[in-house]
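**Student:** Shown below is the structure under consideration.
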Amino acid sequence: MNAKLPDPAFWSRLQFAFTLTYHYLFPQLTMGLAWFLVYWKWRALRTGDENYNCAVRFWAKIFGLNFAVGVVTGIPMEFQFGTNWADFTRYAGGVIGQTLAMEGMFAFFLESAFVGVLIWGENRLGPRYHFMAAVAVALGSWLSGYFILVTNAFMQHPVGYRIEADGSLGIASAAAYLLNRWAWVQFAHNQMAAVVTGSFVVTAVGAFYVLRGVHPAQAKLYLRAGTIAGLIASVLVAFPTGDQQAKMVGKHQPVTLAAMEGRFVGGPMAGVAVIGQPNLATRRLDNPIEVPGALSFLAYGTFQSYVHGLEEYPEDAWPDNIELLYYAFHLMITLGTIFIILMAYANFQNWRGRLGSSTRLLWALMLAFPFPYIANTLGWMTAELGRQPWLIYGLFHTRDGHSKVVSNGNIIFTLIGFLGLYFVLGLLFLYLVGREIGHGPGDEAPVSHNEGPSS
C-alpha cells in the first residue's frame with residue numbers, strides 16, 4: 001500500500017471507487033422498485049383495490065427521493081472522466097461516450113420526465129395514464145442501466161471497435177458494441193440483483209409495520225410481494241445469470257477467474273473454495289475446504305475441464321489486489337446463498353399462514369435490508385478488481401489512463417470534499433426516507449379485522 005500512495009493513479013482510482021460505490025446505493029433501489037410500482041398499479045386497474053394505489057403513492061415517494069440523490073451523486077462521476085481520467089477519455093471517448101450520451105439523452109430523460117408525473121400526477125392523469133407513467137419510469141430506469149452496463153461491458157470485453165489514425169478508439173460496428181454478449185449477461189445479473197435490493201427493502205418495511213402493529217393491509221401487501229419477488233430474484237441472481245457471468249469470465253478473463261478463486265496452479269477437477277485464505281508469498285490457498293470439480297463445471301461445463309492457474313500468467317497480468325478480490329467474491333456468494341435461504345423460509349411461513357406471527361423471522365427480514373446493498377457492492381468490486389490491471393481489458397492499462405496534470409494534493413482535497421458532502425447528503429436522505437416510513441402510507445383502504453399480514 002505504501003508504494004502506491006505517491007501514485008496519482010491510486011488516488012484517482014480511490015476517488016472514483018468511493019463516488020461510484022456511494023452513487024450506486026441509490027440506482028439499485030430505483031431499478032429494484034420500478035417494477036413493483038408497475039405491478040401494483042396494474043393490480044389496481046384490474047381489481048379496483050385502493051390498497052394497490054396506496055402502495056404506489058407511498059413507494060413512489062421513496063423512489064423519487066432515491067432518484068434525486070442518485071442524480072446528484074451521479075453527476076460528479078461523469079466529470080471525473082475529464083478531470084481524473086482524461087487520458088482514458090481521450091483514448092476511448094469515441095466509443096464509451098456514445099452510450100454515456102445515450103443514457104443521458106434517452107433513458108435518463110425518459111425516467112426523469114415521468115418521475116414527477118408518477119408522484120404528483122395521479123389525479124390529473126387518471127388510472128390508465130398513471131399506469132403508463134409507471135411503465136415509462138420503469139423502462140427509463142432499466143434502459144439507463146443497460147446503457148451504463150454496455151459501457152462497462154466494453155471495458156471488460158471490448159468488441160465492435162476500431163483503432164483510428166491517431167491511435168484512439170472508434171466504433172466499427174454499433175450493433176456489435178450495443179449488443180455485446182457480455183453486456184446482456186451482465187445486465188441480467190445486475191438487474192436481478194437490483195430487484196433483490198428492492199424486494200428486501202419492501203419486505204423490511206412490511207415487517208416493520210407488522211412489528212409495530214400499524215398499516216396491516218399495506219404490511220400484508222409488502223410482505224407478500226417482497227418475499228415472492230425476493231426469492232425469485234435471489235435464485236435468478238445465482239442461476240442462470242450468475243452462472244453465465246462466471247462462464248464469461250472463465251472464457252474471456254481466465255486470469256481473473258483464477259484470482260477470484262485463489263487458484264495459483266491450474267488443472268482439471270478444479271474445486272470451488274468454501275473456505276481458504278490466499279497466500280501470495282507461498283502462492284497457495286491456506287486451509288482450503290473445497291468442493292471438488294465444482295469450479296471446472298461452473299466455468300466450463302464439465303468436471304474434467306481445465307482451469308488455468310495464476311502461475312501460468314506473468315505477474316504483471318495478475319489483478320493487483322488478489323486478496324481483496326478473492327474475499328469480495330466469496331462474501332458475495334455467501335450473502336447470495338443466505339438471501340435464497342431466508343426468502344425461501346419466509347415464503348414457506350407465509351404459505352403456512354404464520355409469517356405475520358413469526359416475530360424472529362420478521363425481525364430478521366427487517367434487519368436484513370442492508371445486506372443486498374453490501375452484496376451488490378461486493379459484486380462490483382469483484383468485476384472491477386478482476387479487470388485490473390486493465391481499464392479496457394487487453395487494450396489499455398489503468399496506469400496509462402489517469403490525468404497526468406492533476407496532482408495528488410488536488411485529488412485528495414476533492415476526495416475529502418466528497419466525503420464531507422456525501423456524509424451530509426446521506427444523513428439528509430436517511431432523515432427524509434425515515435420520515436416517510438414513519439408517516440406511513442396514507443388513505444389506506446379499510447380491511448376486515450380477520451385479514452392478517454401473513455395470509
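Residues in the C-alpha cells are named by chain (A, B, ... in the order shown) and by number from 1 within that chain; ligands are numbered from 1 in the order shown.
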Set out as JSON lines a contact list for range 192-310 of chain A and range 156-170 of chain A with a cut-off of 10 Å, giving each residue of range 192-310 of chain A that qualifies its closest atom pair and distance in Å to one decimal, counting only C-alpha atoms, ordered by chain and rising residue number.
**Tutor:**
{"residue": "A:Met248", "atom": "CA", "partner": "A:His157", "partner_atom": "CA", "distance": 9.3}
{"residue": "A:Val249", "atom": "CA", "partner": "A:Gln156", "partner_atom": "CA", "distance": 9.1}
{"residue": "A:His252", "atom": "CA", "partner": "A:His157", "partner_atom": "CA", "distance": 7.3}
{"residue": "A:Gln253", "atom": "CA", "partner": "A:Gln156", "partner_atom": "CA", "distance": 8.5}
**Student:** Using only C-alpha atoms, what does the table of range 116-217 of chain A residues within 12 Å of range 49-52 of chain A look like, with each row giving the shortest atom pair and its distance in Å to one decimal, sorted by chain and ascending number, as a Markdown table?
**Tutor:**
| residue | atom | partner | partner_atom | distance |
| --- | --- | --- | --- | --- |
| A:Pro127 | CA | A:Glu50 | CA | 11.2 |
| A:Phe131 | CA | A:Tyr52 | CA | 11.7 |
| A:His215 | CA | A:Asn51 | CA | 10.6 |
| A:Pro216 | CA | A:Asn51 | CA | 10.7 |
| A:Ala217 | CA | A:Asn51 | CA | 7.2 |
**Student:** How would the residues just chosen look if you wrote them out with N, CA and C atoms as a short mmCIF file (atom, residue, chain, number, x, y, z; two decimals), in the first residue's frame?
**Tutor:**
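Output saved as result.cif:
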data_model
loop_
_atom_site.label_atom_id
_atom_site.label_comp_id
_atom_site.auth_asym_id
_atom_site.auth_seq_id
_atom_site.Cartn_x
_atom_site.Cartn_y
_atom_site.Cartn_z
N PRO A 127 -56.37 6.71 -13.90
CA PRO A 127 -55.69 5.43 -13.62
C PRO A 127 -54.86 4.88 -14.77
N PHE A 131 -50.79 4.53 -14.85
CA PHE A 131 -50.13 3.24 -15.06
C PHE A 131 -49.06 3.36 -16.15
N HIS A 215 -50.74 -0.15 9.93
CA HIS A 215 -50.93 -0.32 8.49
C HIS A 215 -51.00 -1.80 8.09
N PRO A 216 -51.93 -2.56 8.64
CA PRO A 216 -51.94 -4.02 8.41
C PRO A 216 -52.13 -4.42 6.95
N ALA A 217 -53.01 -3.71 6.22
CA ALA A 217 -53.24 -4.09 4.82
C ALA A 217 -52.00 -3.84 3.98
#
**Student:** List the neighbours of Gly266 in chain A out to 7 Å using only C-alpha atoms; skip same-chain residues closer than 6 positions along the sequence, and give me the result as a list of chain:residue names.
**Tutor:**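 So, after excluding close chain neighbours, the residues are A:Val307, A:His308, A:Gly309.
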**Student:** Find the residue from A:Trp85, A:Phe413, A:Phe303, A:Phe339 that sits nearest to Ile232 in chain A; use only C-alpha atoms when measuring.
**Tutor:**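 Of A:Trp85, A:Phe413, A:Phe303, A:Phe339, the one nearest Ile232 in chain A, counting only C-alpha atoms, is A:Phe339.
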**Student:** Between CA of Ser358 in chain A and CA of Met192 in chain A, what distance in Å does the model show, to one decimal?
**Tutor:**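 Computing the Euclidean distance for CA of Ser358 in chain A and CA of Met192 in chain A yields 27.3 Å.
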**Student:** As a PyMOL selection string, please: the residues near Ile275 in chain A (cut-off 8 Å, only C-alpha atoms, same-chain neighbours under 2 positions excluded).
**Tutor:** chain A and resi 273+277+287-290
